[in-house]
$ cat start-v2.txt   # compact mmCIF, C-alpha atoms
# COMPACT_ATOMS: atom_id res chain seq x y z
CA MET A 1 -91.93 54.80 -49.73
CA THR A 2 -94.09 52.50 -47.59
CA TRP A 3 -92.45 49.53 -45.87
CA GLN A 4 -94.33 46.63 -44.34
CA MET A 5 -92.98 43.90 -42.06
CA THR A 6 -94.35 40.70 -43.58
CA PRO A 7 -93.98 36.98 -42.73
CA LEU A 8 -92.64 34.90 -45.61
CA LYS A 9 -95.69 32.66 -45.56
CA ARG A 10 -97.87 35.56 -46.75
CA VAL A 11 -95.77 36.39 -49.80
CA ALA A 12 -94.11 33.11 -50.77
CA ARG A 13 -94.66 29.38 -51.02
CA LEU A 14 -92.27 27.26 -49.00
CA ARG A 15 -91.35 23.62 -49.56
CA VAL A 16 -88.77 21.54 -47.69
CA SER A 17 -87.13 19.06 -50.05
CA ASN A 18 -87.17 15.32 -49.42
CA VAL A 19 -85.15 14.40 -52.53
CA ASP A 20 -82.13 12.32 -51.47
CA LYS A 21 -78.93 11.57 -53.39
CA LYS A 22 -79.84 7.98 -54.26
CA SER A 23 -80.81 6.61 -57.64
CA ALA A 24 -83.64 4.11 -57.99
CA GLY A 25 -85.08 2.22 -60.93
CA GLY A 26 -88.34 3.52 -62.32
CA GLU A 27 -87.68 7.09 -61.15
CA VAL A 28 -86.93 10.16 -63.25
CA PRO A 29 -83.23 11.04 -63.87
CA VAL A 30 -82.48 14.48 -62.41
CA ARG A 31 -79.63 16.81 -61.61
CA LEU A 32 -79.59 17.58 -57.91
CA CYS A 33 -78.89 20.98 -56.39
CA ASN A 34 -77.37 20.01 -53.03
CA TYR A 35 -76.43 21.77 -49.80
CA THR A 36 -72.89 22.66 -50.91
CA ASP A 37 -74.16 24.05 -54.22
CA VAL A 38 -76.25 26.55 -52.26
CA TYR A 39 -73.76 27.21 -49.48
CA TYR A 40 -70.87 28.08 -51.81
CA ARG A 41 -72.81 29.85 -54.57
CA ASP A 42 -74.88 33.01 -54.65
CA ALA A 43 -76.69 32.00 -57.85
CA ILE A 44 -77.91 28.72 -59.31
CA ARG A 45 -77.89 28.11 -63.08
CA PRO A 46 -78.33 24.94 -65.18
CA ASP A 47 -74.88 25.41 -66.77
CA GLN A 48 -73.21 24.71 -63.41
CA GLU A 49 -72.09 21.23 -62.42
CA PHE A 50 -74.54 19.20 -60.34
CA MET A 51 -74.64 15.57 -59.24
CA THR A 52 -77.00 13.16 -60.95
CA ALA A 53 -79.66 11.15 -59.12
CA THR A 54 -83.28 10.13 -59.55
CA ALA A 55 -86.56 11.38 -58.11
CA THR A 56 -90.23 10.46 -58.30
CA ARG A 57 -92.42 12.40 -60.70
CA GLU A 58 -94.14 13.98 -57.73
CA GLN A 59 -90.81 15.15 -56.31
CA VAL A 60 -89.78 16.59 -59.68
CA ALA A 61 -93.07 18.48 -59.86
CA ASN A 62 -92.68 19.83 -56.32
CA PHE A 63 -88.99 20.65 -56.24
CA ARG A 64 -88.00 21.53 -59.82
CA LEU A 65 -86.22 24.87 -59.65
CA ARG A 66 -87.64 27.89 -61.43
CA VAL A 67 -86.36 31.37 -62.18
CA GLY A 68 -86.89 33.60 -59.15
CA ASP A 69 -86.78 30.81 -56.56
CA VAL A 70 -84.59 31.28 -53.50
CA ILE A 71 -83.08 28.14 -51.96
CA VAL A 72 -81.99 28.20 -48.32
CA THR A 73 -80.07 25.78 -46.12
CA LYS A 74 -82.30 24.32 -43.40
CA ASP A 75 -79.90 21.86 -41.70
CA SER A 76 -76.30 22.40 -40.66
CA GLU A 77 -73.67 21.71 -38.02
CA THR A 78 -73.95 25.28 -36.68
CA ALA A 79 -76.95 27.56 -36.26
CA GLU A 80 -75.08 30.34 -38.08
CA ASP A 81 -75.12 28.30 -41.28
CA ILE A 82 -78.90 27.98 -41.26
CA GLY A 83 -80.74 30.05 -43.87
CA VAL A 84 -77.84 30.62 -46.28
CA PRO A 85 -79.59 31.62 -49.54
CA ALA A 86 -78.92 31.19 -53.26
CA TYR A 87 -80.95 32.77 -56.07
CA VAL A 88 -82.12 30.66 -59.02
CA GLU A 89 -81.19 32.71 -62.06
CA SER A 90 -82.54 30.10 -64.47
CA GLY A 91 -84.02 26.65 -64.12
CA ALA A 92 -84.25 23.46 -66.15
CA GLN A 93 -86.70 20.58 -66.42
CA ASP A 94 -84.28 18.19 -64.71
CA LEU A 95 -82.80 20.54 -62.09
CA VAL A 96 -84.26 19.65 -58.68
CA CYS A 97 -83.69 20.90 -55.14
CA GLY A 98 -82.05 18.29 -52.87
CA TYR A 99 -82.32 17.27 -49.24
CA HIS A 100 -81.42 19.61 -46.31
CA LEU A 101 -82.70 22.57 -48.35
CA ALA A 102 -85.93 24.51 -48.67
CA VAL A 103 -87.33 26.27 -51.73
CA VAL A 104 -88.89 29.68 -51.17
CA ARG A 105 -90.97 30.62 -54.22
CA PRO A 106 -92.16 34.25 -54.07
CA ASP A 107 -95.57 35.38 -55.24
CA PRO A 108 -94.47 37.46 -58.26
CA SER A 109 -97.33 39.92 -57.70
CA LEU A 110 -96.01 40.77 -54.23
CA LEU A 111 -92.34 39.84 -53.97
CA ASP A 112 -89.42 40.03 -56.40
CA GLY A 113 -87.15 36.97 -56.24
CA ARG A 114 -83.90 38.95 -56.29
CA PHE A 115 -85.14 41.25 -53.53
CA LEU A 116 -86.10 38.14 -51.55
CA TYR A 117 -82.59 36.77 -52.01
CA TRP A 118 -81.01 39.98 -50.71
CA SER A 119 -83.48 40.08 -47.81
CA MET A 120 -82.62 36.49 -46.89
CA SER A 121 -78.94 37.51 -47.02
CA SER A 122 -79.44 40.40 -44.61
CA THR A 123 -78.35 40.23 -40.99
CA PRO A 124 -81.82 40.52 -39.38
CA VAL A 125 -83.27 37.61 -41.37
CA ARG A 126 -80.16 35.45 -40.90
CA GLN A 127 -80.36 36.12 -37.15
CA GLN A 128 -84.05 35.19 -37.08
CA LEU A 129 -83.35 31.85 -38.72
CA ALA A 130 -80.26 31.10 -36.61
CA THR A 131 -82.26 31.79 -33.44
CA ALA A 132 -85.16 29.62 -34.64
CA ALA A 133 -82.87 26.67 -35.46
CA THR A 134 -82.91 23.84 -32.92
CA GLY A 135 -80.34 21.19 -32.09
CA VAL A 136 -77.18 20.39 -30.14
CA THR A 137 -74.55 18.81 -32.39
CA ARG A 138 -76.58 19.44 -35.55
CA PHE A 139 -79.15 22.16 -36.13
CA GLY A 140 -82.34 22.17 -38.16
CA LEU A 141 -85.01 24.69 -39.11
CA ARG A 142 -88.66 23.74 -38.95
CA THR A 143 -90.87 24.72 -41.87
CA GLU A 144 -93.11 26.83 -39.66
CA SER A 145 -90.10 28.74 -38.34
CA LEU A 146 -88.97 29.54 -41.87
CA ALA A 147 -92.52 30.54 -42.80
CA ALA A 148 -92.73 32.88 -39.79
CA ALA A 149 -89.50 34.73 -40.67
CA THR A 150 -90.29 38.36 -41.49
CA VAL A 151 -88.94 40.60 -44.24
CA MET A 152 -89.48 44.29 -44.98
CA LEU A 153 -91.70 44.67 -48.03
CA PRO A 154 -91.64 47.90 -50.08
CA LYS A 155 -93.57 48.30 -53.33
CA LEU A 156 -92.68 45.84 -56.08
CA ASP A 157 -91.01 48.46 -58.31
CA ASP A 158 -88.94 49.61 -55.34
CA GLN A 159 -87.93 46.02 -54.60
CA ARG A 160 -86.57 45.68 -58.13
CA ALA A 161 -84.69 48.97 -57.87
CA ILE A 162 -83.12 47.90 -54.57
CA ALA A 163 -82.15 44.52 -56.05
CA ASP A 164 -80.56 46.24 -59.07
CA TYR A 165 -78.61 48.54 -56.77
CA LEU A 166 -77.34 45.66 -54.62
CA ASP A 167 -76.44 43.59 -57.68
CA THR A 168 -74.20 46.42 -58.87
CA GLU A 169 -72.70 47.47 -55.55
CA THR A 170 -71.97 43.99 -54.24
CA ALA A 171 -70.38 43.03 -57.57
CA ARG A 172 -68.06 46.02 -57.21
CA ILE A 173 -67.16 45.05 -53.62
CA ASP A 174 -66.73 41.41 -54.59
CA ALA A 175 -64.29 42.42 -57.33
CA LEU A 176 -62.21 44.35 -54.79
CA ILE A 177 -62.25 41.40 -52.39
CA GLU A 178 -61.19 39.00 -55.14
CA LYS A 179 -58.37 41.35 -56.18
CA LYS A 180 -57.02 41.48 -52.64
CA ARG A 181 -57.33 37.71 -52.25
CA ARG A 182 -55.32 37.23 -55.42
CA MET A 183 -52.68 39.56 -53.99
CA VAL A 184 -52.60 37.46 -50.81
CA SER A 185 -52.08 34.32 -52.93
CA VAL A 186 -49.22 36.00 -54.82
CA LEU A 187 -47.60 37.11 -51.56
CA ARG A 188 -47.86 33.63 -50.06
CA GLU A 189 -46.30 32.13 -53.17
CA GLN A 190 -43.52 34.72 -52.96
CA ARG A 191 -42.98 33.85 -49.29
CA GLN A 192 -42.68 30.15 -50.02
CA SER A 193 -40.39 30.70 -52.99
CA VAL A 194 -38.01 32.82 -50.89
CA ILE A 195 -37.84 30.06 -48.26
CA ASP A 196 -37.25 27.36 -50.88
CA ASP A 197 -34.55 29.28 -52.71
CA VAL A 198 -32.62 30.29 -49.60
CA VAL A 199 -32.62 27.02 -47.65
CA MET A 200 -31.81 24.96 -50.75
CA GLY A 201 -28.86 27.22 -51.60
CA LEU A 202 -30.20 28.59 -54.86
CA ILE A 203 -29.41 32.25 -54.07
CA PRO A 204 -26.64 33.87 -51.99
CA ILE A 205 -27.59 35.83 -48.88
CA ASP A 206 -25.41 38.59 -47.40
CA GLY A 207 -22.23 37.19 -48.91
CA VAL A 208 -22.89 33.64 -47.73
CA SER A 209 -22.11 31.07 -50.42
CA PRO A 210 -25.23 29.01 -51.15
CA THR A 211 -23.24 25.81 -51.78
CA VAL A 212 -19.83 25.91 -50.02
CA GLY A 213 -19.58 23.69 -46.98
CA ARG A 214 -22.96 22.02 -47.37
CA SER A 215 -23.46 18.50 -46.13
CA GLU A 216 -26.34 16.04 -46.27
CA MET A 217 -27.60 14.47 -43.09
CA ARG A 218 -30.52 12.20 -42.32
CA LEU A 219 -33.04 13.70 -39.90
CA ARG A 220 -32.42 10.84 -37.46
CA PHE A 221 -29.12 12.58 -36.62
CA LEU A 222 -30.81 15.94 -36.04
CA LEU A 223 -33.97 14.86 -34.25
CA ARG A 224 -35.02 12.38 -31.59
CA GLU A 225 -38.63 11.31 -31.13
CA ARG A 226 -39.94 12.10 -27.66
CA ASP A 227 -43.22 10.78 -26.28
CA VAL A 228 -43.94 12.42 -22.95
CA ARG A 229 -47.56 12.79 -21.90
CA GLY A 230 -48.44 16.31 -20.85
CA GLN A 231 -50.87 17.75 -18.36
CA ALA A 232 -54.44 18.75 -19.20
CA SER A 233 -53.69 22.18 -17.71
CA GLU A 234 -51.14 22.92 -20.47
CA GLU A 235 -52.15 25.02 -23.47
CA VAL A 236 -53.26 22.93 -26.45
CA LEU A 237 -51.11 23.53 -29.55
CA SER A 238 -51.75 22.62 -33.16
CA VAL A 239 -49.70 22.59 -36.37
CA TYR A 240 -51.11 24.67 -39.22
CA ARG A 241 -49.82 24.27 -42.75
CA ASP A 242 -49.54 28.01 -43.45
CA LEU A 243 -48.55 29.28 -40.01
CA GLY A 244 -46.65 26.61 -38.11
CA VAL A 245 -47.30 25.72 -34.46
CA LEU A 246 -49.83 27.96 -32.71
CA PRO A 247 -52.04 27.82 -29.61
CA LYS A 248 -55.24 26.18 -30.78
CA ALA A 249 -57.51 28.46 -28.75
CA GLY A 250 -56.23 31.49 -30.65
CA ARG A 251 -57.47 30.22 -34.04
CA VAL A 252 -61.00 31.44 -34.74
CA ASP A 253 -61.12 29.37 -37.94
CA ASN A 254 -60.24 26.11 -36.19
CA PHE A 255 -62.92 23.49 -36.79
CA ASN A 256 -61.29 20.53 -35.02
CA LYS A 257 -62.69 20.38 -31.52
CA THR A 258 -60.42 19.52 -28.61
CA PRO A 259 -61.62 16.37 -26.80
CA ALA A 260 -62.45 16.41 -23.12
CA ASP A 261 -59.91 13.66 -22.39
CA LEU A 262 -56.38 15.02 -22.91
CA SER A 263 -54.58 12.14 -21.23
CA LEU A 264 -53.06 10.96 -24.53
CA TYR A 265 -51.81 14.42 -25.52
CA LYS A 266 -48.03 14.82 -25.76
CA LEU A 267 -45.84 17.51 -24.24
CA ALA A 268 -44.13 19.88 -26.69
CA LEU A 269 -41.44 22.32 -25.58
CA PRO A 270 -40.13 25.47 -27.26
CA GLY A 271 -37.65 24.38 -29.94
CA ASP A 272 -39.28 20.98 -30.50
CA VAL A 273 -40.22 19.84 -33.99
CA VAL A 274 -43.93 19.05 -34.10
CA VAL A 275 -45.36 16.96 -36.94
CA ASN A 276 -49.02 16.37 -37.77
CA LYS A 277 -48.62 12.79 -38.96
CA MET A 278 -51.85 12.94 -41.00
CA LYS A 279 -51.09 16.24 -42.74
CA ALA A 280 -47.29 16.28 -42.94
CA TRP A 281 -47.55 15.71 -46.69
CA GLN A 282 -49.28 19.11 -46.86
CA GLY A 283 -46.55 20.84 -44.89
CA SER A 284 -47.98 20.62 -41.36
CA ILE A 285 -44.60 20.36 -39.63
CA ALA A 286 -42.76 23.11 -37.77
CA VAL A 287 -40.47 24.08 -34.90
CA SER A 288 -42.58 25.22 -31.96
CA ARG A 289 -42.04 28.48 -30.11
CA TYR A 290 -44.46 27.44 -27.38
CA ARG A 291 -44.79 25.02 -24.50
CA GLY A 292 -47.99 23.01 -24.56
CA ILE A 293 -49.61 19.72 -25.43
CA VAL A 294 -50.41 18.35 -28.87
CA SER A 295 -52.60 15.57 -30.20
CA GLY A 296 -51.46 11.99 -29.77
CA ASP A 297 -51.59 11.77 -33.59
CA TYR A 298 -48.59 14.12 -33.74
CA LEU A 299 -44.89 13.39 -33.61
CA VAL A 300 -42.87 15.45 -31.14
CA CYS A 301 -39.11 15.49 -31.70
CA SER A 302 -36.38 17.19 -29.73
CA VAL A 303 -33.50 18.71 -31.69
CA VAL A 304 -30.24 16.93 -30.88
CA GLY A 305 -28.05 17.99 -33.81
CA ASP A 306 -25.97 21.13 -34.16
CA VAL A 307 -28.45 23.16 -36.19
CA ASP A 308 -29.96 26.65 -35.97
CA ARG A 309 -33.57 26.04 -34.94
CA SER A 310 -34.91 28.97 -36.94
CA PHE A 311 -33.12 27.69 -40.05
CA LEU A 312 -34.45 24.19 -39.32
CA HIS A 313 -37.98 25.61 -39.14
CA HIS A 314 -37.71 27.12 -42.61
CA LEU A 315 -35.93 24.07 -44.01
CA LEU A 316 -38.58 21.64 -42.79
CA ARG A 317 -41.34 23.79 -44.35
CA SER A 318 -39.65 24.13 -47.75
CA ARG A 319 -41.40 22.48 -50.70
CA PRO A 320 -38.64 19.97 -51.47
CA MET A 321 -38.90 18.68 -47.90
CA VAL A 322 -42.71 18.56 -48.04
CA GLY A 323 -42.37 16.46 -51.16
CA GLU A 324 -40.20 14.04 -49.19
CA TYR A 325 -42.84 13.81 -46.44
CA ALA A 326 -45.38 12.73 -49.04
CA ARG A 327 -42.97 10.17 -50.49
CA ARG A 328 -42.24 8.72 -47.07
CA SER A 329 -45.86 8.64 -45.87
CA ASN A 330 -47.89 5.44 -45.79
CA GLY A 331 -51.52 5.01 -46.79
CA ILE A 332 -53.94 4.09 -49.55
CA ARG A 333 -54.65 7.67 -50.66
CA PRO A 334 -53.58 11.19 -49.58
CA SER A 335 -56.53 11.65 -47.23
CA GLN A 336 -55.27 8.63 -45.25
CA TRP A 337 -51.50 9.13 -45.55
CA ARG A 338 -49.50 9.18 -42.33
CA LEU A 339 -45.85 10.09 -41.77
CA TYR A 340 -44.33 7.98 -39.01
CA TRP A 341 -41.01 8.50 -37.24
CA GLU A 342 -39.36 5.73 -39.25
CA GLY A 343 -40.12 7.58 -42.49
CA LEU A 344 -39.25 11.04 -41.16
CA ALA A 345 -35.95 9.81 -39.76
CA GLU A 346 -34.72 8.61 -43.17
CA ILE A 347 -35.25 11.93 -44.96
CA ARG A 348 -32.03 13.69 -45.96
CA ALA A 349 -31.54 17.38 -45.19
CA SER A 350 -29.01 19.61 -46.95
CA LEU A 351 -27.32 21.76 -44.31
CA PRO A 352 -24.93 24.70 -44.80
CA PRO A 353 -22.35 25.45 -42.08
CA ARG A 354 -23.74 26.64 -38.73
CA ASP A 355 -22.72 30.28 -39.26
CA SER A 356 -24.36 30.30 -42.69
CA GLN A 357 -27.53 28.80 -41.21
CA HIS A 358 -27.74 31.69 -38.77
CA VAL A 359 -27.35 34.32 -41.53
CA MET A 360 -29.93 32.59 -43.74
CA ALA A 361 -32.38 32.21 -40.87
CA ALA A 362 -32.10 35.89 -39.91
CA TYR A 363 -32.76 36.89 -43.53
CA LEU A 364 -35.75 34.53 -43.83
CA ASP A 365 -37.20 35.63 -40.49
CA ALA A 366 -37.09 39.26 -41.63
CA GLU A 367 -38.51 38.52 -45.11
CA THR A 368 -41.31 36.24 -43.95
CA ASN A 369 -42.28 38.67 -41.16
CA ARG A 370 -42.43 41.50 -43.71
CA ILE A 371 -44.60 39.49 -46.10
CA ASP A 372 -46.79 38.22 -43.24
CA ALA A 373 -47.44 41.81 -42.16
CA VAL A 374 -48.59 42.75 -45.67
CA VAL A 375 -50.76 39.62 -45.86
CA ALA A 376 -52.33 40.43 -42.48
CA CYS A 377 -53.08 43.96 -43.70
CA MET A 378 -54.72 42.58 -46.87
CA GLN A 379 -56.78 40.12 -44.86
CA THR A 380 -57.97 42.93 -42.58
CA GLN A 381 -59.02 44.90 -45.64
CA VAL A 382 -60.94 41.87 -46.94
CA SER A 383 -62.72 41.51 -43.59
CA LEU A 384 -63.67 45.20 -43.60
CA LEU A 385 -64.98 44.95 -47.16
CA GLN A 386 -67.04 41.91 -46.20
CA GLU A 387 -68.47 43.77 -43.20
CA HIS A 388 -69.26 46.76 -45.42
CA ARG A 389 -70.96 44.48 -47.95
CA GLN A 390 -73.14 42.90 -45.28
CA ALA A 391 -74.04 46.25 -43.75
CA LEU A 392 -74.94 47.62 -47.19
CA ILE A 393 -77.28 44.68 -47.89
CA THR A 394 -78.99 45.03 -44.52
CA ALA A 395 -79.41 48.79 -44.82
CA ALA A 396 -80.82 48.53 -48.35
CA VAL A 397 -83.46 45.88 -47.63
CA THR A 398 -84.61 47.44 -44.36
CA GLY A 399 -85.06 50.98 -45.69
CA GLU A 400 -82.16 52.46 -43.74
CA LEU A 401 -80.26 53.35 -46.92
CA THR A 402 -81.42 55.84 -49.49
CA ILE A 403 -81.19 54.23 -52.92
CA PRO A 404 -80.44 56.84 -55.63
CA GLU A 405 -83.04 55.40 -58.01
CA LEU A 406 -85.75 55.66 -55.36
CA ALA A 407 -84.80 59.17 -54.25
CA ALA A 408 -85.03 60.52 -57.81
$ encode --input "start-v2.txt" --output "structure tokens"
Amino acid sequence: MTWQMTPLKRVARLRVSNVDKKSAGGEVPVRLCNYTDVYYRDAIRPDQEFMTATATREQVANFRLRVGDVIVTKDSETAEDIGVPAYVESGAQDLVCGYHLAVVRPDPSLLDGRFLYWSMSSTPVRQQLATAATGVTRFGLRTESLAAATVMLPKLDDQRAIADYLDTETARIDALIEKKRRMVSVLREQRQSVIDDVVMGLIPIDGVSPTVGRSEMRLRFLLRERDVRGQASEEVLSVYRDLGVLPKAGRVDNFNKTPADLSLYKLALPGDVVVNKMKAWQGSIAVSRYRGIVSGDYLVCSVVGDVDRSFLHHLLRSRPMVGEYARRSNGIRPSQWRLYWEGLAEIRASLPPRDSQHVMAAYLDAETNRIDAVVACMQTQVSLLQEHRQALITAAVTGELTIPELAA
């Protein structure tokens, strides 16, 4: 099998779209395939949901999507998101490629569209495009850089065989990944349900009565708001809905950048209740185990009532309490809701006796740690499957992997 390293411009036609999301009178109604449609989908089909807009007849002629086209992202906030591809499985007269994207249309006599898609998905090509992207806060890919990107080019029949192989193998891996992700979702739901049932007294734990001795108390008698400005040298903490309070630097999936000026950041001590005022209605509230500083948009409260802090952590993150945060928040719509101290302070908490709190907290700590360990294991398996998938694609399109159909 003969492999050739070939620039895209020799085997495909490239066009960078200039079709925006606006609608104008006198133009042709179209459905627009936008950046997110490509970024979050591997394949594009007319039966999927697209936004409506208008385009000139010339734009429709130039950017109407056809079977075999590969669309790639050409602008993004990070260089790593440049060149993300999607394969056009079928087109339509009104389906047009939108702005921030480029259409790569292979010469069918030289390059199979599905093989092109897998090649564009491979690590070497993605690295070429990420390196070629320019920018500081936003990155873009010039047409000539995309045209100069090189792919390995076997014979056309071999390209189709490789594409068939990758279609099958990646579908199998994707099914395994989806199965494990579903298991993670089930485990997280189980974790939350255990917390809800225990702290609300719906099930007995180790002989502790779920209802005897309970009393209701407003949070103003358990917590006291504290606004002490911290030092820039302190570790920056953040409240995460699923995980509680964690050092921000340790979260690789954190997209909120820490500002250079930390003078308005508040000091949080171990045992303090930290509340993300903007996301409390989602459950972003927890007892911290760390000392550090948090955003000025957070509430920091010291615990002044006689309550087990571990029990309080679980109680504050139970679904009935999260529902109260939403009810007490102010704003026009959820994306703008904020929970202020005045609203938090009026929320009622149902508390069992102190000894019962300790027993319940110990049980919940053990159960949530057990479930978290299983979830972490599942997530590691997903990461390994994703790495295997990417390595398989790269090996197949670069000739490093022997495809059974080609070896026969």
$ residues_around --input "start-v2.txt" --residues "A:Asp157" --least-positions-apart "3" --cutoff "10 Å" --atoms "all atoms listed in the file" --output "number ranges by chain"
A: 111-112, 154, 160-163, 406
$ closest_residue --input "start-v2.txt" --among "A:Ala260, A:Val275, A:Leu384, A:Leu8" --to "A:Ser145" --atoms "all atoms listed in the file"
A:Leu8
$ closest_residue --input "start-v2.txt" --among "A:Asp20, A:Asp37, A:Glu27, A:Asp167" --to "A:Gly98" --atoms "all atoms listed in the file"
A:Asp20
$ closest_residue --input "start-v2.txt" --among "A:Val28, A:Met321, A:Leu129, A:Met360" --to "A:Gln93" --atoms "all atoms listed in the file"
A:Val28
$ closest_residue --input "start-v2.txt" --among "A:Cys301, A:Thr150, A:Tyr363, A:Asp227" --to "A:Gly207" --atoms "all atoms listed in the file"
A:Tyr363
$ atom_distance --input "start-v2.txt" --atom1 "atom CA of A:Leu153" --atom2 "atom CA of A:Met5"
6.2 Å
$ atom_distance --input "start-v2.txt" --atom1 "atom CA of A:Ser310" --atom2 "atom CA of A:Met183"
26.8 Å
$ residues_around --input "start-v2.txt" --residues "stretch 70-81 of chain A" --least-positions-apart "6" --cutoff "6 Å" --atoms "all atoms listed in the file" --output "PyMOL selection string"
chain A and resi 87+100-104+130+138-141
$ residues_around --input "start-v2.txt" --residues "A:Tyr298" --least-positions-apart "6" --cutoff "9 Å" --atoms "only C-alpha atoms" --output "CSV table (one decimal) with C-alpha atoms, keeping the file's coordinate frame"
chain,number,residue,atom,x,y,z
A,239,VAL,CA,-49.7,22.6,-36.4
A,265,TYR,CA,-51.8,14.4,-25.5
A,266,LYS,CA,-48.0,14.8,-25.8
A,274,VAL,CA,-43.9,19.0,-34.1
A,275,VAL,CA,-45.4,17.0,-36.9
A,276,ASN,CA,-49.0,16.4,-37.8
A,277,LYS,CA,-48.6,12.8,-39.0
A,278,MET,CA,-51.8,12.9,-41.0
$ closest_residue --input "start-v2.txt" --among "A:Thr54, A:Ser284, A:Gln357, A:Ser383" --to "A:Tyr325" --atoms "only C-alpha atoms"
A:Ser284
$ atom_distance --input "start-v2.txt" --atom1 "atom CA of A:Ser121" --atom2 "atom CA of A:Val397"
9.5 Å
$ closest_residue --input "start-v2.txt" --among "A:Ser193, A:Thr131, A:Thr2, A:Arg114" --to "A:Tyr165" --atoms "all atoms listed in the file"
A:Arg114
$ residues_around --input "start-v2.txt" --residues "A:Asp94" --least-positions-apart "6" --cutoff "8 Å" --atoms "only C-alpha atoms" --output "list in words"
Pro29, Val30, Arg31, Val60 and Arg64 of chain A
$ residues_around --input "start-v2.txt" --residues "A:Glu400" --least-positions-apart "3" --cutoff "12 Å" --atoms "all atoms listed in the file" --output "ChimeraX atom specification"
/A:1,3,152,162,391-397,403
$ build_atoms --input "start-v2.txt" --residues "stretch 201-217 of chain A" --atoms "N, CA and C atoms" --output "mmCIF file, keeping the file's coordinate frame"
data_model
loop_
_atom_site.group_PDB
_atom_site.id
_atom_site.type_symbol
_atom_site.label_atom_id
_atom_site.label_comp_id
_atom_site.auth_asym_id
_atom_site.auth_seq_id
_atom_site.Cartn_x
_atom_site.Cartn_y
_atom_site.Cartn_z
ATOM 1 N N GLY A 201 -30.110 26.696 -51.080
ATOM 2 C CA GLY A 201 -28.860 27.220 -51.600
ATOM 3 C C GLY A 201 -28.918 27.659 -53.033
ATOM 4 N N LEU A 202 -30.070 28.153 -53.473
ATOM 5 C CA LEU A 202 -30.200 28.590 -54.860
ATOM 6 C C LEU A 202 -29.812 30.051 -55.050
ATOM 7 N N ILE A 203 -29.795 30.836 -53.966
ATOM 8 C CA ILE A 203 -29.410 32.250 -54.070
ATOM 9 C C ILE A 203 -28.513 32.593 -52.883
ATOM 10 N N PRO A 204 -27.510 33.458 -53.093
ATOM 11 C CA PRO A 204 -26.640 33.870 -51.990
ATOM 12 C C PRO A 204 -27.319 34.914 -51.111
ATOM 13 N N ILE A 205 -27.020 34.878 -49.824
ATOM 14 C CA ILE A 205 -27.590 35.830 -48.880
ATOM 15 C C ILE A 205 -26.471 36.493 -48.088
ATOM 16 N N ASP A 206 -26.379 37.816 -48.187
ATOM 17 C CA ASP A 206 -25.410 38.590 -47.400
ATOM 18 C C ASP A 206 -24.000 38.017 -47.480
ATOM 19 N N GLY A 207 -23.585 37.678 -48.715
ATOM 20 C CA GLY A 207 -22.230 37.190 -48.910
ATOM 21 C C GLY A 207 -22.005 35.740 -48.561
ATOM 22 N N VAL A 208 -23.026 35.050 -48.069
ATOM 23 C CA VAL A 208 -22.890 33.640 -47.730
ATOM 24 C C VAL A 208 -23.010 32.797 -48.997
ATOM 25 N N SER A 209 -22.052 31.939 -49.242
ATOM 26 C CA SER A 209 -22.110 31.070 -50.420
ATOM 27 C C SER A 209 -23.253 30.086 -50.246
ATOM 28 N N PRO A 210 -24.088 29.937 -51.281
ATOM 29 C CA PRO A 210 -25.230 29.010 -51.150
ATOM 30 C C PRO A 210 -24.826 27.548 -51.172
ATOM 31 N N THR A 211 -23.613 27.225 -51.603
ATOM 32 C CA THR A 211 -23.240 25.810 -51.780
ATOM 33 C C THR A 211 -22.022 25.383 -50.984
ATOM 34 N N VAL A 212 -21.087 26.292 -50.676
ATOM 35 C CA VAL A 212 -19.830 25.910 -50.020
ATOM 36 C C VAL A 212 -20.106 25.378 -48.615
ATOM 37 N N GLY A 213 -19.498 24.241 -48.328
ATOM 38 C CA GLY A 213 -19.580 23.690 -46.980
ATOM 39 C C GLY A 213 -20.845 22.928 -46.665
ATOM 40 N N ARG A 214 -21.710 22.740 -47.636
ATOM 41 C CA ARG A 214 -22.960 22.020 -47.370
ATOM 42 C C ARG A 214 -22.700 20.526 -47.178
ATOM 43 N N SER A 215 -23.547 19.938 -46.348
ATOM 44 C CA SER A 215 -23.460 18.500 -46.130
ATOM 45 C C SER A 215 -24.883 17.937 -46.002
ATOM 46 N N GLU A 216 -25.041 16.690 -46.391
ATOM 47 C CA GLU A 216 -26.340 16.040 -46.270
ATOM 48 C C GLU A 216 -26.362 15.172 -45.025
ATOM 49 N N MET A 217 -27.482 15.218 -44.334
ATOM 50 C CA MET A 217 -27.600 14.470 -43.090
ATOM 51 C C MET A 217 -29.031 13.968 -42.960
#
